[in-house]
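model_22.cif (mmCIF, C-alpha atoms and all ligand atoms)
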data_entry
#
loop_
_atom_site.label_atom_id
_atom_site.label_comp_id
_atom_site.auth_asym_id
_atom_site.auth_seq_id
_atom_site.Cartn_x
_atom_site.Cartn_y
_atom_site.Cartn_z
CA MET U 1440 238.14 177.70 -25.98
CA ARG U 1441 236.63 174.86 -24.01
CA GLU U 1442 233.77 177.15 -22.90
CA ARG U 1443 233.09 178.13 -26.52
CA GLY U 1444 233.20 174.51 -27.67
CA ALA U 1445 236.09 175.43 -30.02
CA ALA U 1446 237.42 172.50 -32.04
CA LEU U 1447 241.00 173.38 -31.05
CA ALA U 1448 240.17 173.02 -27.36
CA SER U 1449 241.05 169.36 -27.99
CA ALA U 1450 244.77 168.58 -27.63
CA ALA U 1451 244.48 165.84 -30.27
CA ARG U 1452 243.00 168.36 -32.70
CA GLN U 1453 245.84 170.80 -32.02
CA LEU U 1454 248.42 168.11 -32.72
CA SER U 1455 246.68 166.94 -35.90
CA THR U 1456 246.39 170.56 -37.11
CA LEU U 1457 250.15 170.97 -36.74
CA GLU U 1458 250.83 167.55 -38.31
CA ALA U 1459 248.76 168.49 -41.38
CA LEU U 1460 250.99 171.46 -42.23
CA ALA U 1461 253.53 171.30 -45.04
CA VAL U 1462 256.61 171.58 -42.84
CA PRO U 1463 259.16 168.92 -41.80
CA GLY U 1464 258.58 166.92 -38.61
CA PHE U 1465 260.62 167.81 -35.53
CA LYS U 1466 263.56 165.42 -35.71
CA PRO U 1467 266.06 166.03 -32.89
CA GLY U 1468 265.90 163.29 -30.25
CA LEU U 1469 265.99 164.86 -26.80
CA ALA U 1470 267.52 163.03 -23.85
CA PRO U 1471 266.95 164.16 -20.27
CA THR U 1472 269.66 165.27 -17.87
CA ALA U 1473 269.29 165.18 -14.06
CA ILE U 1474 266.10 166.80 -12.72
CA GLU U 1475 266.93 170.33 -11.57
CA ILE U 1476 263.54 172.01 -11.79
CA PHE U 1477 260.33 170.54 -10.44
CA GLN U 1478 257.49 172.43 -12.07
CA VAL U 1479 253.99 172.15 -10.67
CA ASN U 1480 250.98 173.40 -12.59
CA VAL U 1481 248.35 173.78 -9.88
CA GLY U 1482 245.44 174.33 -12.28
CA LYS U 1483 243.83 176.48 -14.95
CA LEU U 1484 241.98 178.96 -12.79
CA CYS U 1485 243.06 182.49 -13.71
CA ASN U 1486 241.65 185.97 -13.25
CA MET U 1487 242.44 186.73 -16.92
CA THR U 1488 241.77 185.29 -20.40
CA CYS U 1489 244.69 186.36 -22.58
CA ARG U 1490 244.61 185.90 -26.32
CA HIS U 1491 247.92 184.02 -26.52
CA CYS U 1492 247.29 181.77 -23.47
CA HIS U 1493 248.78 178.32 -24.05
CA VAL U 1494 246.88 176.91 -21.08
CA ASP U 1495 243.34 178.00 -22.06
CA ALA U 1496 243.06 179.37 -18.54
CA GLY U 1497 240.38 181.69 -17.22
CA PRO U 1498 238.01 182.56 -14.40
CA ASP U 1499 235.69 179.70 -15.40
CA ARG U 1500 238.38 177.02 -15.12
CA THR U 1501 237.63 175.74 -11.64
CA ASP U 1502 237.26 172.25 -13.11
CA GLN U 1503 241.00 171.53 -13.07
CA MET U 1504 242.55 172.49 -9.75
CA MET U 1505 245.25 170.54 -7.91
CA SER U 1506 243.87 169.04 -4.68
CA ARG U 1507 245.66 169.02 -1.33
CA GLU U 1508 246.16 165.28 -1.72
CA THR U 1509 247.98 165.78 -5.04
CA VAL U 1510 249.98 168.66 -3.56
CA ASP U 1511 251.21 166.23 -0.89
CA LEU U 1512 252.04 163.63 -3.55
CA CYS U 1513 254.09 166.33 -5.33
CA LEU U 1514 255.99 167.12 -2.15
CA ALA U 1515 256.74 163.44 -1.56
CA ALA U 1516 257.95 163.09 -5.16
CA LEU U 1517 260.02 166.27 -4.85
CA ASP U 1518 261.81 164.65 -1.90
CA ARG U 1519 262.80 161.74 -4.17
CA THR U 1520 264.47 164.03 -6.72
CA GLY U 1521 267.54 166.21 -6.44
CA ALA U 1522 265.65 169.24 -7.77
CA LYS U 1523 266.71 172.49 -6.15
CA THR U 1524 264.09 174.72 -7.75
CA VAL U 1525 260.31 174.46 -7.60
CA ASP U 1526 258.55 176.38 -10.36
CA LEU U 1527 254.87 177.07 -9.64
CA THR U 1528 252.57 177.84 -12.54
CA GLY U 1529 248.92 177.77 -13.61
CA GLY U 1530 246.56 179.59 -14.58
CA ALA U 1531 247.24 182.02 -11.84
CA PRO U 1532 248.83 179.61 -9.33
CA GLU U 1533 248.13 182.01 -6.45
CA LEU U 1534 244.39 181.28 -6.81
CA ASN U 1535 244.72 177.62 -5.89
CA PRO U 1536 243.59 177.30 -2.24
CA HIS U 1537 246.64 175.16 -1.41
CA PHE U 1538 249.17 177.52 -3.01
CA ARG U 1539 250.55 179.02 0.20
CA TYR U 1540 250.81 175.60 1.83
CA LEU U 1541 252.80 174.34 -1.15
CA VAL U 1542 255.15 177.34 -1.08
CA GLU U 1543 255.69 177.01 2.69
CA GLN U 1544 256.49 173.31 2.36
CA CYS U 1545 258.98 173.89 -0.46
CA VAL U 1546 260.70 176.74 1.40
CA ALA U 1547 260.91 174.55 4.51
CA ARG U 1548 262.74 171.96 2.37
CA GLY U 1549 265.31 174.60 1.37
CA LYS U 1550 264.09 174.81 -2.24
CA HIS U 1551 264.28 177.90 -4.39
CA VAL U 1552 260.64 178.70 -5.23
CA MET U 1553 259.57 180.56 -8.35
CA ASP U 1554 256.05 181.88 -8.74
CA ARG U 1555 254.87 182.50 -12.31
CA CYS U 1556 252.64 185.49 -11.76
CA ASN U 1557 250.43 187.46 -14.15
CA LEU U 1558 250.83 190.63 -11.99
CA THR U 1559 247.15 191.64 -12.05
CA VAL U 1560 246.28 188.80 -9.67
CA LEU U 1561 248.26 190.66 -6.99
CA LEU U 1562 245.50 193.29 -6.95
CA THR U 1563 242.72 190.78 -6.28
CA GLY U 1564 241.37 190.50 -2.74
CA PRO U 1565 242.99 187.31 -1.42
CA CYS U 1566 246.36 188.07 -3.03
CA ARG U 1567 246.98 191.69 -2.04
CA ASP U 1568 249.41 190.75 0.72
CA LEU U 1569 251.42 188.39 -1.48
CA PRO U 1570 254.33 190.74 -2.38
CA GLN U 1571 255.30 191.02 1.29
CA TRP U 1572 254.46 187.36 1.95
CA PHE U 1573 256.72 186.31 -0.94
CA ALA U 1574 259.50 188.62 0.24
CA GLU U 1575 259.48 187.08 3.72
CA ARG U 1576 260.07 183.66 2.13
CA GLY U 1577 262.52 184.67 -0.63
CA VAL U 1578 260.20 183.54 -3.42
CA GLU U 1579 261.37 184.57 -6.90
CA VAL U 1580 258.57 186.28 -8.80
CA VAL U 1581 258.48 185.73 -12.56
CA CYS U 1582 255.86 188.00 -14.06
CA SER U 1583 254.35 188.00 -17.51
CA LEU U 1584 254.10 191.42 -19.11
CA PRO U 1585 253.68 191.34 -22.90
CA HIS U 1586 255.23 194.78 -23.39
CA TYR U 1587 256.45 197.86 -21.54
CA ARG U 1588 254.07 199.96 -23.62
CA LYS U 1589 250.40 200.09 -22.71
CA ARG U 1590 249.00 199.53 -26.19
CA ASN U 1591 250.87 196.27 -26.86
CA THR U 1592 250.05 194.84 -23.43
CA ASP U 1593 246.35 195.70 -23.51
CA LEU U 1594 246.05 194.33 -27.04
CA GLN U 1595 247.15 190.92 -25.84
CA ARG U 1596 245.69 190.84 -22.32
CA GLY U 1597 242.69 193.17 -22.45
CA ASP U 1598 241.99 196.83 -21.69
CA GLY U 1599 243.25 198.07 -18.34
CA THR U 1600 245.79 195.27 -17.92
CA PHE U 1601 248.80 197.50 -18.32
CA GLU U 1602 247.80 199.94 -15.59
CA LYS U 1603 247.05 197.10 -13.18
CA SER U 1604 250.37 195.47 -14.03
CA ILE U 1605 252.25 198.69 -13.30
CA GLU U 1606 250.46 199.01 -9.96
CA ALA U 1607 251.39 195.41 -9.11
CA LEU U 1608 255.03 196.04 -10.09
CA GLY U 1609 255.02 199.06 -7.77
CA ARG U 1610 253.79 196.85 -4.92
CA LEU U 1611 256.53 194.31 -5.62
CA ASN U 1612 259.12 197.12 -5.67
CA ALA U 1613 257.76 198.39 -2.35
CA ALA U 1614 258.30 194.90 -0.89
CA GLY U 1615 261.95 195.04 -2.04
CA TYR U 1616 261.65 193.19 -5.37
CA GLY U 1617 263.39 194.27 -8.56
CA LYS U 1618 266.19 196.25 -6.95
CA GLY U 1619 269.13 193.91 -7.44
CA ASP U 1620 268.73 191.88 -4.22
CA PRO U 1621 269.36 188.25 -5.33
CA ARG U 1622 266.95 187.02 -2.66
CA LEU U 1623 264.14 189.21 -4.02
CA ARG U 1624 264.43 188.65 -7.71
CA LEU U 1625 261.79 190.05 -10.04
CA THR U 1626 261.87 188.77 -13.61
CA LEU U 1627 259.58 189.91 -16.43
CA VAL U 1628 258.52 187.63 -19.27
CA HIS U 1629 257.81 189.05 -22.72
CA ASN U 1630 256.22 187.33 -25.67
CA PRO U 1631 255.55 188.89 -29.08
CA ALA U 1632 252.08 190.25 -29.86
CA GLY U 1633 251.86 188.55 -33.26
CA ALA U 1634 253.21 185.89 -35.60
CA PHE U 1635 256.88 186.76 -35.25
CA LEU U 1636 259.82 185.68 -33.12
CA ALA U 1637 260.84 187.25 -29.83
CA GLY U 1638 263.45 190.00 -30.21
CA ASP U 1639 266.95 190.15 -28.75
CA GLN U 1640 266.60 189.58 -25.00
CA LYS U 1641 269.58 191.66 -23.89
CA SER U 1642 268.77 194.80 -25.83
CA MET U 1643 265.08 194.50 -24.94
CA GLU U 1644 265.93 194.22 -21.26
CA LYS U 1645 267.84 197.49 -21.42
CA GLU U 1646 265.05 199.24 -23.32
CA TRP U 1647 262.36 197.93 -20.96
CA LYS U 1648 264.30 198.89 -17.84
CA GLU U 1649 264.74 202.43 -19.11
CA GLY U 1650 261.15 202.71 -20.36
CA LEU U 1651 259.47 201.39 -17.22
CA LYS U 1652 261.68 203.43 -14.91
CA ALA U 1653 261.34 206.70 -16.81
CA ASN U 1654 257.63 206.48 -17.54
CA HIS U 1655 256.24 204.59 -14.56
CA GLY U 1656 258.92 204.61 -11.84
CA VAL U 1657 259.07 200.81 -11.53
CA SER U 1658 262.07 198.49 -11.79
CA PHE U 1659 262.83 194.80 -12.35
CA ASP U 1660 265.92 192.59 -12.41
CA ALA U 1661 265.80 190.63 -15.66
CA LEU U 1662 263.76 190.15 -18.81
CA ILE U 1663 262.99 186.82 -20.45
CA ALA U 1664 261.86 186.86 -24.10
CA LEU U 1665 259.86 183.83 -25.23
CA ASN U 1666 258.51 182.80 -28.61
CA ASN U 1667 254.78 182.18 -28.76
CA MET U 1668 254.10 178.45 -28.95
CA PRO U 1669 251.81 177.34 -31.77
CA ILE U 1670 249.33 175.68 -29.43
CA SER U 1671 246.02 176.44 -27.72
CA ARG U 1672 244.65 180.00 -28.07
CA PHE U 1673 247.64 181.23 -30.05
CA LEU U 1674 247.24 178.32 -32.49
CA GLU U 1675 243.56 179.20 -32.84
CA TRP U 1676 244.48 182.82 -33.58
CA LEU U 1677 247.15 181.76 -36.09
CA GLU U 1678 244.64 179.60 -37.93
CA ALA U 1679 241.84 182.18 -37.88
CA SER U 1680 244.14 184.98 -39.07
CA GLY U 1681 245.67 182.91 -41.87
CA ASN U 1682 249.13 183.02 -40.30
CA LEU U 1683 249.55 179.38 -39.29
CA GLN U 1684 251.53 177.99 -42.24
CA SER U 1685 253.80 181.04 -42.45
CA TYR U 1686 254.42 181.10 -38.68
CA MET U 1687 255.37 177.43 -38.67
CA GLU U 1688 257.68 178.02 -41.64
CA LEU U 1689 259.22 180.91 -39.71
CA LEU U 1690 259.87 178.62 -36.73
CA VAL U 1691 261.22 175.77 -38.86
CA ASN U 1692 263.50 178.04 -40.92
CA ALA U 1693 264.83 179.64 -37.74
CA TYR U 1694 265.68 176.24 -36.19
CA ASN U 1695 268.89 176.69 -34.20
CA PRO U 1696 270.68 173.48 -33.10
CA ALA U 1697 272.56 175.48 -30.44
CA THR U 1698 269.32 175.74 -28.45
CA VAL U 1699 268.92 171.98 -27.96
CA ALA U 1700 271.32 171.64 -25.03
CA GLY U 1701 269.42 174.27 -23.01
CA LEU U 1702 265.84 173.14 -23.62
CA MET U 1703 263.87 173.11 -20.39
CA CYS U 1704 262.44 169.63 -21.00
CA ARG U 1705 265.92 168.20 -20.43
CA ASN U 1706 266.31 169.21 -16.78
CA THR U 1707 262.67 169.83 -15.79
CA LEU U 1708 259.68 167.71 -14.90
CA SER U 1709 256.25 169.23 -15.20
CA ILE U 1710 253.44 167.95 -12.98
CA GLY U 1711 249.83 168.51 -14.01
CA TRP U 1712 246.92 169.44 -11.72
CA ASP U 1713 245.86 165.78 -11.52
CA GLY U 1714 249.36 164.43 -10.82
CA ARG U 1715 250.20 163.28 -14.33
CA VAL U 1716 253.83 163.94 -15.30
CA TYR U 1717 255.10 165.62 -18.47
CA ASP U 1718 258.41 166.69 -20.00
CA CYS U 1719 257.33 170.33 -20.05
CA ASP U 1720 254.32 172.58 -19.57
CA PHE U 1721 253.66 172.72 -23.33
CA ASN U 1722 253.51 168.93 -23.60
CA GLN U 1723 251.19 169.04 -20.60
CA MET U 1724 248.78 171.28 -22.50
CA LEU U 1725 248.90 168.87 -25.44
CA ASP U 1726 248.30 165.78 -23.27
CA LEU U 1727 251.68 164.36 -24.29
CA GLU U 1728 252.60 162.50 -21.11
CA ALA U 1729 256.16 161.62 -20.12
CA ARG U 1730 256.75 157.89 -20.36
CA TYR U 1731 259.12 155.45 -18.73
CA PRO U 1732 261.18 153.26 -21.08
CA GLY U 1733 258.64 150.67 -22.16
CA GLY U 1734 255.87 153.23 -22.61
CA GLN U 1735 254.21 153.42 -19.20
CA ALA U 1736 252.82 156.87 -18.40
CA VAL U 1737 254.10 158.48 -15.20
CA HIS U 1738 252.01 159.67 -12.25
CA VAL U 1739 253.57 161.77 -9.51
CA ARG U 1740 252.50 159.11 -6.97
CA ASP U 1741 255.05 156.63 -8.32
CA LEU U 1742 257.55 159.05 -9.88
CA ASP U 1743 260.89 157.26 -10.10
CA PRO U 1744 263.68 159.73 -11.00
CA ALA U 1745 266.20 157.02 -11.95
CA ARG U 1746 263.80 155.37 -14.42
CA LEU U 1747 262.74 158.73 -15.80
CA GLN U 1748 266.35 159.54 -16.56
CA GLN U 1749 266.27 156.67 -19.10
CA ARG U 1750 263.25 158.02 -21.01
CA SER U 1751 263.07 159.76 -24.38
CA ILE U 1752 261.46 163.19 -24.27
CA VAL U 1753 258.21 163.34 -26.23
CA THR U 1754 258.46 165.83 -29.11
CA ALA U 1755 256.22 167.06 -31.95
CA ARG U 1756 256.06 170.06 -34.26
CA HIS U 1757 255.22 172.54 -31.51
CA CYS U 1758 258.82 171.98 -30.29
CA TYR U 1759 260.00 174.25 -33.10
CA GLY U 1760 258.70 177.08 -30.91
CA CYS U 1761 261.49 176.34 -28.41
CA THR U 1762 264.32 175.95 -30.93
CA ALA U 1763 263.70 178.94 -33.21
CA GLY U 1764 266.15 181.83 -33.25
CA ALA U 1765 267.77 182.31 -29.86
CA GLY U 1766 265.42 179.66 -28.47
CA SER U 1767 262.82 179.76 -25.73
CA SER U 1768 263.11 178.03 -22.42
CA CYS U 1769 261.60 178.85 -19.03
CA GLY U 1770 264.77 180.86 -18.43
CA GLY U 1771 264.35 182.81 -21.68
CA SER U 1772 266.53 182.72 -24.77
CA ILE U 1773 269.07 179.88 -24.83
CA ALA U 1774 271.68 180.52 -27.51
S1 LIG B 1801 247.48 185.40 -17.26
FE1 LIG B 1801 248.65 183.65 -18.05
S2 LIG B 1801 247.49 181.82 -17.44
FE2 LIG B 1801 246.12 183.62 -17.21
S3 LIG B 1801 244.98 183.69 -19.15
FE3 LIG B 1801 246.77 185.06 -19.34
S4 LIG B 1801 248.37 183.79 -20.28
FE4 LIG B 1801 246.78 182.40 -19.49
S1 LIG B 1802 257.90 171.94 -26.29
FE1 LIG B 1802 259.98 172.66 -25.91
S2 LIG B 1802 260.41 172.13 -23.81
FE2 LIG B 1802 258.64 170.92 -24.46
S3 LIG B 1802 259.43 168.95 -25.22
FE3 LIG B 1802 259.29 170.33 -26.98
S4 LIG B 1802 261.33 171.30 -27.11
FE4 LIG B 1802 261.15 170.41 -25.08
#

Write-out of the structure in structure tokens:
Amino acid sequence: MRERGAALASAARQLSTLEALAVPGFKPGLAPTAIEIFQVNVGKLCNMTCRHCHVDAGPDRTDQMMSRETVDLCLAALDRTGAKTVDLTGGAPELNPHFRYLVEQCVARGKHVMDRCNLTVLLTGPCRDLPQWFAERGVEVVCSLPHYRKRNTDLQRGDGTFEKSIEALGRLNAAGYGKGDPRLRLTLVHNPAGAFLAGDQKSMEKEWKEGLKANHGVSFDALIALNNMPISRFLEWLEASGNLQSYMELLVNAYNPATVAGLMCRNTLSIGWDGRVYDCDFNQMLDLEARYPGGQAVHVRDLDPARLQQRSIVTARHCYGCTAGAGSSCGGSIA
């Protein structure tokens, strides 16, 4: 989007587009709980350019990469929190040159590390050894795969993606992932291919496990089903296809108050490539920074967990994407 000079590449334009729609504002006030998950977005570089990408990532996005200095600031901040899990995301986080250093440092601190992986990156030159490297360190691998059928996956991610993803899953299986070992957990993440809500996570997990095993001989441990967020490339597609108003109405009408307690913004902090701090990765993409009481924006350099606990989480209409139906959090459906 940025490369094409698209109007919606601007976060402010995305927010104003959502604000202009004839739907109610997002009202629930969200208060944080203790920080349990420390999420680090190491930059927008990715080997792919998926249609639904909420990050506007791609192979050209070398302009926003977390530096070693900021990685060290993240580690120092992590030590000030009680977070037990470090969630690494991007882009394709594995392509950041400091990725392995960051993983090693988190593992050395006894943290549970999750890598949000697009699968195909595991077939690229510098990453081919990662399945075994991850296994030796007990890193949880959370992989995006739009669907267990080739057509649906390639539609969203481009031709050839499905076959590469299956090959990568086979490599993870060969390293011990996806076979029920809690230390080598392999989770798949599904999101719908159009302007509709994610299906029932439990029944989909069963169907996917059977389909992938029978047709491709690969296995995984759990499936997470997420709604598509009405931001970035998906917002652009919704607008261009004439689905924006109806999709937002779908989200608003499916608002489920039971999801609020489990929203990821309540127990997670999300750190951007430049060290700015957000309530979640979606707010990060919309430039909605987390703020201390009093309004001061937060940088990882001076992250103060006790003060952050007093903040109000920043919300806007995109938040309906997390509260619709069974809800969408980084751990999948909530209610
Ligand atoms: S693999 Fe993920 S980060 Fe990369 S372009 Fe696709 S959705 Fe975006
Ligand atoms: S987008 Fe979702 S996770 Fe982020 S602040 Fe809104 S409700 Fe919370």

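Of the listed residues (U:Arg1443, U:Lys1483, U:His1491, U:Arg1588), U:Arg1588 comes nearest to Leu1651 of chain U; the distances count only C-alpha atoms.
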
For the point (242.7, 166.4, -12.3) in the file's frame, write as a list in words all residues with an atom no more than 6 Å away, counting all atoms listed in the file.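 Within 6 Å of (242.7, 166.4, -12.3), the protein and nucleic acid residues are Gln1503, Trp1712 and Asp1713 of chain U.
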
Which is closest to Met1440 of chain U among U:Ala1664, U:Leu1469, U:Met1505, U:Leu1674, if we use only C-alpha atoms? U:Leu1674

Counting all atoms listed in the file, the residue among U:Thr1754, U:Ser1658, U:Ser1709, U:Thr1592 that lies closest to Ala1516 of chain U is U:Ser1709

Counting only C-alpha atoms, which of U:Ala1446, U:Met1643, U:Val1546, U:Met1724 gets nearest to Asp1495 of chain U?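 Counting only C-alpha atoms, the residue closest to Asp1495 of chain U is U:Met1724.
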
Can you pull out every residue with an atom within 12 Å of ligand LIG 1801 (chain B)? Use only C-alpha atoms and all ligand atoms and format it as a PyMOL selection string. chain U and resi 1440+1480-1500+1527-1534+1555-1561+1581-1585+1592-1593+1595-1597+1600+1604+1628-1630+1667-1668+1671-1673+1720+1724

For ligand LIG 1802 (chain B), list the contacting residues at 6 Å or closer, counting all atoms listed in the file, as a PyMOL selection string. chain U and resi 1702-1704+1718-1719+1721-1722+1753-1754+1757-1758+1761

All residues 9 Å or closer to segment 1451-1465 of chain U, only C-alpha atoms, same chain fewer than 6 positions away omitted, as an mmCIF file with C-alpha atoms, in the frame of the given file:
data_model
loop_
_atom_site.group_PDB
_atom_site.id
_atom_site.type_symbol
_atom_site.label_atom_id
_atom_site.label_comp_id
_atom_site.auth_asym_id
_atom_site.auth_seq_id
_atom_site.Cartn_x
_atom_site.Cartn_y
_atom_site.Cartn_z
ATOM 1 C CA PRO U 1669 251.810 177.340 -31.770
ATOM 2 C CA ILE U 1670 249.330 175.680 -29.430
ATOM 3 C CA SER U 1671 246.020 176.440 -27.720
ATOM 4 C CA LEU U 1674 247.240 178.320 -32.490
ATOM 5 C CA GLU U 1675 243.560 179.200 -32.840
ATOM 6 C CA LEU U 1683 249.550 179.380 -39.290
ATOM 7 C CA GLN U 1684 251.530 177.990 -42.240
ATOM 8 C CA MET U 1687 255.370 177.430 -38.670
ATOM 9 C CA GLU U 1688 257.680 178.020 -41.640
ATOM 10 C CA VAL U 1691 261.220 175.770 -38.860
ATOM 11 C CA LEU U 1725 248.900 168.870 -25.440
ATOM 12 C CA ASP U 1726 248.300 165.780 -23.270
ATOM 13 C CA THR U 1754 258.460 165.830 -29.110
ATOM 14 C CA ALA U 1755 256.220 167.060 -31.950
ATOM 15 C CA ARG U 1756 256.060 170.060 -34.260
ATOM 16 C CA HIS U 1757 255.220 172.540 -31.510
ATOM 17 C CA CYS U 1758 258.820 171.980 -30.290
ATOM 18 C CA TYR U 1759 260.000 174.250 -33.100
#
